[in-house]
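Visitor: Dropping in entry-v3.cif, with mmCIF, C-alpha atoms.
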data_model
loop_
_atom_site.group_PDB
_atom_site.id
_atom_site.type_symbol
_atom_site.label_atom_id
_atom_site.label_comp_id
_atom_site.auth_asym_id
_atom_site.auth_seq_id
_atom_site.Cartn_x
_atom_site.Cartn_y
_atom_site.Cartn_z
ATOM 1 C CA MET T 1 0.000 0.000 0.000
ATOM 2 C CA LYS T 2 1.285 3.416 -0.894
ATOM 3 C CA SER T 3 0.175 7.041 -1.059
ATOM 4 C CA ALA T 4 -1.301 6.509 -4.560
ATOM 5 C CA ASP T 5 -3.719 3.989 -3.008
ATOM 6 C CA ILE T 6 -4.703 6.559 -0.393
ATOM 7 C CA LYS T 7 -5.432 9.189 -3.054
ATOM 8 C CA LYS T 8 -7.491 6.712 -5.082
ATOM 9 C CA ILE T 9 -9.532 5.634 -2.039
ATOM 10 C CA ARG T 10 -10.024 9.254 -0.997
ATOM 11 C CA LYS T 11 -11.497 10.109 -4.422
ATOM 12 C CA LYS T 12 -13.829 7.097 -4.249
ATOM 13 C CA MET T 13 -14.988 8.059 -0.748
ATOM 14 C CA GLU T 14 -15.692 11.611 -1.868
ATOM 15 C CA LYS T 15 -18.079 10.209 -4.503
ATOM 16 C CA THR T 16 -19.601 7.571 -2.179
ATOM 17 C CA LEU T 17 -20.257 9.581 0.995
ATOM 18 C CA ASP T 18 -22.378 12.668 1.532
ATOM 19 C CA SER T 19 -20.376 15.850 2.168
ATOM 20 C CA ALA T 20 -20.728 15.838 5.977
ATOM 21 C CA ARG T 21 -19.715 12.161 6.202
ATOM 22 C CA PHE T 22 -16.772 12.791 3.877
ATOM 23 C CA GLU T 23 -15.548 15.684 6.064
ATOM 24 C CA HIS T 24 -15.839 13.428 9.126
ATOM 25 C CA THR T 25 -13.936 10.709 7.245
ATOM 26 C CA LEU T 26 -11.092 13.101 6.445
ATOM 27 C CA GLY T 27 -10.976 14.151 10.107
ATOM 28 C CA VAL T 28 -10.750 10.512 11.201
ATOM 29 C CA THR T 29 -8.052 9.844 8.600
ATOM 30 C CA TYR T 30 -5.868 12.752 9.739
ATOM 31 C CA THR T 31 -6.409 11.982 13.427
ATOM 32 C CA ALA T 32 -5.592 8.296 12.856
ATOM 33 C CA ALA T 33 -2.382 9.292 11.078
ATOM 34 C CA CYS T 34 -1.405 11.519 14.022
ATOM 35 C CA LEU T 35 -2.087 8.758 16.542
ATOM 36 C CA ALA T 36 -0.166 6.271 14.378
ATOM 37 C CA MET T 37 2.828 8.629 14.405
ATOM 38 C CA ARG T 38 2.577 9.015 18.184
ATOM 39 C CA TYR T 39 2.388 5.263 18.853
ATOM 40 C CA ASP T 40 4.751 4.128 16.076
ATOM 41 C CA ALA T 41 2.026 2.314 14.148
ATOM 42 C CA ASP T 42 1.814 1.967 10.375
ATOM 43 C CA ILE T 43 0.676 5.410 9.183
ATOM 44 C CA THR T 44 -0.520 4.207 5.777
ATOM 45 C CA LYS T 45 -2.681 1.477 7.328
ATOM 46 C CA ALA T 46 -4.136 4.038 9.739
ATOM 47 C CA GLN T 47 -4.968 6.386 6.854
ATOM 48 C CA ILE T 48 -6.594 3.664 4.749
ATOM 49 C CA ALA T 49 -8.638 2.352 7.686
ATOM 50 C CA GLY T 50 -9.642 5.942 8.484
ATOM 51 C CA LEU T 51 -10.754 6.590 4.919
ATOM 52 C CA LEU T 52 -12.774 3.379 4.715
ATOM 53 C CA HIS T 53 -14.161 3.136 8.261
ATOM 54 C CA ASP T 54 -17.573 4.565 7.242
ATOM 55 C CA CYS T 55 -17.673 3.305 3.642
ATOM 56 C CA ALA T 56 -20.963 1.477 4.396
ATOM 57 C CA LYS T 57 -22.481 4.269 6.499
ATOM 58 C CA CYS T 58 -24.482 5.961 3.719
ATOM 59 C CA MET T 59 -26.098 2.790 2.379
ATOM 60 C CA SER T 60 -29.592 1.751 3.396
ATOM 61 C CA ASP T 61 -30.310 -0.650 6.241
ATOM 62 C CA GLU T 62 -31.855 -3.015 3.702
ATOM 63 C CA LYS T 63 -28.681 -3.033 1.627
ATOM 64 C CA ARG T 64 -26.504 -3.702 4.710
ATOM 65 C CA LEU T 65 -28.739 -6.631 5.710
ATOM 66 C CA GLU T 66 -28.725 -7.933 2.130
ATOM 67 C CA ILE T 67 -24.897 -7.897 1.995
ATOM 68 C CA CYS T 68 -24.663 -9.684 5.353
ATOM 69 C CA ASN T 69 -27.178 -12.351 4.346
ATOM 70 C CA LYS T 70 -25.677 -12.875 0.891
ATOM 71 C CA HIS T 71 -22.095 -13.191 2.170
ATOM 72 C CA ASP T 72 -22.712 -15.027 5.466
ATOM 73 C CA ILE T 73 -21.622 -12.114 7.657
ATOM 74 C CA PRO T 74 -22.911 -12.943 11.156
ATOM 75 C CA ILE T 75 -25.704 -10.687 12.444
ATOM 76 C CA THR T 76 -26.589 -10.479 16.129
ATOM 77 C CA GLU T 77 -30.186 -10.052 17.261
ATOM 78 C CA ILE T 78 -29.516 -6.415 18.159
ATOM 79 C CA GLU T 79 -27.921 -5.760 14.746
ATOM 80 C CA TYR T 80 -30.864 -7.377 13.008
ATOM 81 C CA ARG T 81 -33.265 -5.064 14.834
ATOM 82 C CA HIS T 82 -30.948 -2.049 14.338
ATOM 83 C CA PRO T 83 -29.146 -2.604 11.004
ATOM 84 C CA HIS T 84 -27.344 0.756 11.166
ATOM 85 C CA LEU T 85 -25.048 -1.030 13.653
ATOM 86 C CA LEU T 86 -23.837 -3.247 10.783
ATOM 87 C CA HIS T 87 -21.929 -0.515 8.964
ATOM 88 C CA GLY T 88 -18.618 -1.610 10.522
ATOM 89 C CA LYS T 89 -18.970 -5.256 9.516
ATOM 90 C CA VAL T 90 -20.262 -4.373 6.051
ATOM 91 C CA GLY T 91 -17.513 -1.757 5.724
ATOM 92 C CA ALA T 92 -14.877 -4.420 6.433
ATOM 93 C CA TYR T 93 -16.437 -6.618 3.750
ATOM 94 C CA LEU T 94 -16.452 -3.734 1.250
ATOM 95 C CA ALA T 95 -12.855 -2.823 2.117
ATOM 96 C CA LYS T 96 -11.803 -6.280 1.000
ATOM 97 C CA HIS T 97 -14.132 -6.939 -1.912
ATOM 98 C CA LYS T 98 -14.829 -3.504 -3.362
ATOM 99 C CA TYR T 99 -11.694 -1.538 -2.443
ATOM 100 C CA GLU T 100 -9.300 -4.528 -2.670
ATOM 101 C CA ILE T 101 -7.764 -4.068 0.781
ATOM 102 C CA ASP T 102 -6.390 -7.490 1.705
ATOM 103 C CA ASP T 103 -4.836 -6.353 4.978
ATOM 104 C CA ILE T 104 -6.641 -8.190 7.790
ATOM 105 C CA GLN T 105 -5.704 -5.544 10.386
ATOM 106 C CA ILE T 106 -7.341 -2.787 8.339
ATOM 107 C CA GLN T 107 -10.444 -4.916 7.796
ATOM 108 C CA HIS T 108 -10.664 -5.692 11.522
ATOM 109 C CA ALA T 109 -10.208 -2.045 12.562
ATOM 110 C CA ILE T 110 -13.096 -1.092 10.265
ATOM 111 C CA ALA T 111 -15.262 -3.945 11.555
ATOM 112 C CA VAL T 112 -14.890 -2.957 15.237
ATOM 113 C CA HIS T 113 -14.665 0.828 14.968
ATOM 114 C CA THR T 114 -18.100 1.456 16.512
ATOM 115 C CA THR T 115 -18.298 -1.199 19.231
ATOM 116 C CA GLY T 116 -14.702 -2.016 19.962
ATOM 117 C CA CYS T 117 -13.910 -5.544 21.150
ATOM 118 C CA PRO T 118 -11.843 -7.185 23.874
ATOM 119 C CA HIS T 119 -8.132 -7.508 23.049
ATOM 120 C CA MET T 120 -8.109 -4.696 20.463
ATOM 121 C CA ASN T 121 -4.838 -4.328 18.582
ATOM 122 C CA LEU T 122 -3.116 -0.968 18.138
ATOM 123 C CA LEU T 123 -4.776 -0.124 14.803
ATOM 124 C CA ASP T 124 -8.215 -1.054 16.194
ATOM 125 C CA LYS T 125 -7.702 1.371 19.078
ATOM 126 C CA ILE T 126 -6.404 4.139 16.820
ATOM 127 C CA ILE T 127 -9.429 4.001 14.496
ATOM 128 C CA TYR T 128 -11.939 3.661 17.339
ATOM 129 C CA ILE T 129 -10.458 6.665 19.150
ATOM 130 C CA ALA T 130 -9.912 8.766 15.997
ATOM 131 C CA ASP T 131 -13.560 8.246 15.037
ATOM 132 C CA TYR T 132 -14.682 9.638 18.393
ATOM 133 C CA MET T 133 -12.322 12.590 18.717
ATOM 134 C CA GLU T 134 -11.637 13.836 15.179
ATOM 135 C CA PRO T 135 -11.583 17.661 14.916
ATOM 136 C CA GLY T 136 -15.131 17.895 13.548
ATOM 137 C CA ARG T 137 -16.598 16.348 16.698
ATOM 138 C CA LYS T 138 -17.905 19.076 18.969
ATOM 139 C CA GLN T 139 -20.556 17.712 21.337
ATOM 140 C CA ALA T 140 -19.143 14.596 22.978
ATOM 141 C CA PRO T 141 -18.679 14.871 26.738
ATOM 142 C CA ASN T 142 -15.124 15.049 28.087
ATOM 143 C CA LEU T 143 -13.831 15.589 24.541
ATOM 144 C CA SER T 144 -10.953 17.826 25.557
ATOM 145 C CA ALA T 145 -9.768 15.379 28.230
ATOM 146 C CA ILE T 146 -10.128 12.434 25.824
ATOM 147 C CA ARG T 147 -8.109 14.224 23.133
ATOM 148 C CA LYS T 148 -5.350 14.922 25.650
ATOM 149 C CA ALA T 149 -5.404 11.359 27.003
ATOM 150 C CA ALA T 150 -5.271 9.871 23.489
ATOM 151 C CA PHE T 151 -1.739 11.185 23.019
ATOM 152 C CA GLU T 152 -0.623 10.131 26.509
ATOM 153 C CA ASP T 153 -2.290 6.749 27.146
ATOM 154 C CA LEU T 154 -4.328 5.105 24.393
ATOM 155 C CA ASP T 155 -5.982 2.590 26.730
ATOM 156 C CA LYS T 156 -7.058 5.315 29.146
ATOM 157 C CA ALA T 157 -8.620 7.284 26.258
ATOM 158 C CA LEU T 158 -10.331 4.113 25.014
ATOM 159 C CA LEU T 159 -11.917 3.471 28.425
ATOM 160 C CA MET T 160 -13.007 7.111 28.745
ATOM 161 C CA ILE T 161 -14.771 6.876 25.374
ATOM 162 C CA LEU T 162 -16.449 3.596 26.295
ATOM 163 C CA GLU T 163 -17.669 5.080 29.586
ATOM 164 C CA ASP T 164 -19.048 8.173 27.843
ATOM 165 C CA THR T 165 -20.652 6.114 25.077
ATOM 166 C CA LEU T 166 -22.411 3.752 27.479
ATOM 167 C CA SER T 167 -23.502 6.632 29.700
ATOM 168 C CA TYR T 168 -24.970 8.443 26.682
ATOM 169 C CA LEU T 169 -26.741 5.341 25.334
ATOM 170 C CA HIS T 170 -28.250 4.530 28.739
ATOM 171 C CA SER T 171 -29.335 8.135 29.384
ATOM 172 C CA THR T 172 -31.115 8.375 26.016
ATOM 173 C CA GLY T 173 -32.672 4.908 26.202
ATOM 174 C CA SER T 174 -30.778 3.897 23.053
ATOM 175 C CA VAL T 175 -29.876 0.331 22.220
ATOM 176 C CA VAL T 176 -26.517 -0.858 23.586
ATOM 177 C CA ASP T 177 -24.694 -3.312 21.371
ATOM 178 C CA THR T 178 -23.565 -6.240 23.527
ATOM 179 C CA MET T 179 -20.047 -5.971 22.077
ATOM 180 C CA THR T 180 -19.739 -2.397 23.355
ATOM 181 C CA GLN T 181 -20.608 -3.621 26.848
ATOM 182 C CA LYS T 182 -18.175 -6.557 26.554
ATOM 183 C CA THR T 183 -15.451 -4.174 25.416
ATOM 184 C CA TYR T 184 -16.095 -1.856 28.354
ATOM 185 C CA ASP T 185 -16.125 -4.773 30.810
ATOM 186 C CA PHE T 186 -12.841 -6.082 29.389
ATOM 187 C CA TYR T 187 -10.984 -2.747 29.479
ATOM 188 C CA SER T 188 -12.344 -1.689 32.865
ATOM 189 C CA GLN T 189 -10.915 -4.969 34.271
ATOM 190 C CA TYR T 190 -7.744 -4.696 32.179
ATOM 191 C CA LEU T 191 -6.963 -1.189 33.367
#
Could you write out this structure as structure tokens?

Guide:
Amino acid sequence: MKSADIKKIRKKMEKTLDSARFEHTLGVTYTAACLAMRYDADITKAQIAGLLHDCAKCMSDEKRLEICNKHDIPITEIEYRHPHLLHGKVGAYLAKHKYEIDDIQIQHAIAVHTTGCPHMNLLDKIIYIADYMEPGRKQAPNLSAIRKAAFEDLDKALLMILEDTLSYLHSTGSVVDTMTQKTYDFYSQYL
């Protein structure tokens, strides 16, 4: 993978995503690159995962379900009832089959970027955190503290985001994906 790939993917994302989602995607890409530099991770992988993390976000729920059913992508009961939660899994599928990204780490980071998972690798954490704290985000609680923590202790920032996410979902009566809860339980024990 090289910078030409990044430019090509960026152009495709600009055509695929609506303008607000594309701006968010660029913010995630730049933030992921910064975090990759800070933690000595592969910058190109971080950029590609950042560009593709929401590649399935603008498609319909029906289309996401259709792709999962057609290609045997596992769907939990919660995801079936709330198909917007599938955009990470479908995005990982598209990264491989539509955008020809064979790197398993990139695919995995895209797949878990909304829920996280226990035992996240460095790229998983970078994309998850970059998605939450990119410069275009304005309303998340504790955002300033999370942005500071992200460059000091990635795991601490990850747990702060999980806490805020679960608190928000519970306070609004929104559905909580079981993987988000499992991820929080794992990292609260781990740390």

Visitor: Find the axis-aligned box for region 85-94 of chain T, covering all its listed atoms and adding 8 Å on each side, and write its centre and edge lengths in Å to one decimal as AutoDock Vina command-line options.

Guide:
--center_x -20.0 --center_y -3.6 --center_z 7.5 --size_x 26.2 --size_y 22.1 --size_z 28.4

Visitor: Got a sec to check which residues sit within 7 Å of (-4.3, 8.0, 14.3), counting only C-alpha atoms, and write them as a PyMOL selection string?

Guide: chain T and resi 30-36+46+126-127+130

Visitor: Take the point (-22.7, 3.3, 21.6) as written in the file and pick out every residue within 10 Å of it, counting only C-alpha atoms; give the list as number ranges by chain.

Guide: T: 85, 114-116, 161-170, 174-181

Visitor: To test your reading of the syntax: which residues would the PyMOL selection byres ((chain T and resi 137) around 12) return for the file shown? Reply as a PyMOL selection string.

Guide: chain T and resi 20-21+23-25+27-28+31+129-136+138-144+146-147

Visitor: Suppose you want the space between CA of Ile48 (chain T) and CA of Lys148 (chain T); what is it in Å?

Guide: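 Distance between the two atoms: 23.8 Å.
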
Visitor: Care to translate the PyMOL selection byres ((chain T and resi 89) around 9) into actual residues of this file, as a PyMOL selection string?

Guide: chain T and resi 56+68+73-74+85-88+90-94+107-108+110-112

Visitor: Keeping C-alpha atoms, export the residues of the selection given above as a compact mmCIF listing (two decimals), keeping the file's coordinate frame.

Guide:
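File written: result_22.txt
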# COMPACT_ATOMS: atom_id res chain seq x y z
CA ALA T 56 -20.96 1.48 4.40
CA CYS T 68 -24.66 -9.68 5.35
CA ILE T 73 -21.62 -12.11 7.66
CA PRO T 74 -22.91 -12.94 11.16
CA LEU T 85 -25.05 -1.03 13.65
CA LEU T 86 -23.84 -3.25 10.78
CA HIS T 87 -21.93 -0.52 8.96
CA GLY T 88 -18.62 -1.61 10.52
CA VAL T 90 -20.26 -4.37 6.05
CA GLY T 91 -17.51 -1.76 5.72
CA ALA T 92 -14.88 -4.42 6.43
CA TYR T 93 -16.44 -6.62 3.75
CA LEU T 94 -16.45 -3.73 1.25
CA GLN T 107 -10.44 -4.92 7.80
CA HIS T 108 -10.66 -5.69 11.52
CA ILE T 110 -13.10 -1.09 10.26
CA ALA T 111 -15.26 -3.94 11.56
CA VAL T 112 -14.89 -2.96 15.24

Visitor: At what distance in Å, to one decimal, does CA of Lys63 (chain T) lie from CA of Gln105 (chain T)?

Guide: 24.7 Å

Visitor: Interatomic distance between CA of Ala157 (chain T) and CA of Asp40 (chain T)?

Guide: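 One can read the CA of Ala157 (chain T) to CA of Asp40 (chain T) distance as 17.1 Å.
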
Visitor: Looking at all atoms listed in the file, which of T:Asp18, T:Pro118, T:Lys125, T:Asp153 is the one that sits closest to Tyr184 (chain T)?

Guide: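 Nearest to Tyr184 (chain T): T:Pro118.
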
Visitor: Rank nothing, just name the residue among T:Leu123, T:Ile6, T:Ile101, T:Ile78 nearest to Thr44 (chain T), using only C-alpha atoms.

Guide: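 Residue with the minimum atom-to-atom distance to Thr44 (chain T): T:Ile6.
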
Visitor: Using only C-alpha atoms, can you tell me which of T:Arg38, T:Ile9, T:Asp72, T:Phe22 comes closest to Phe151 (chain T)?

Guide: T:Arg38
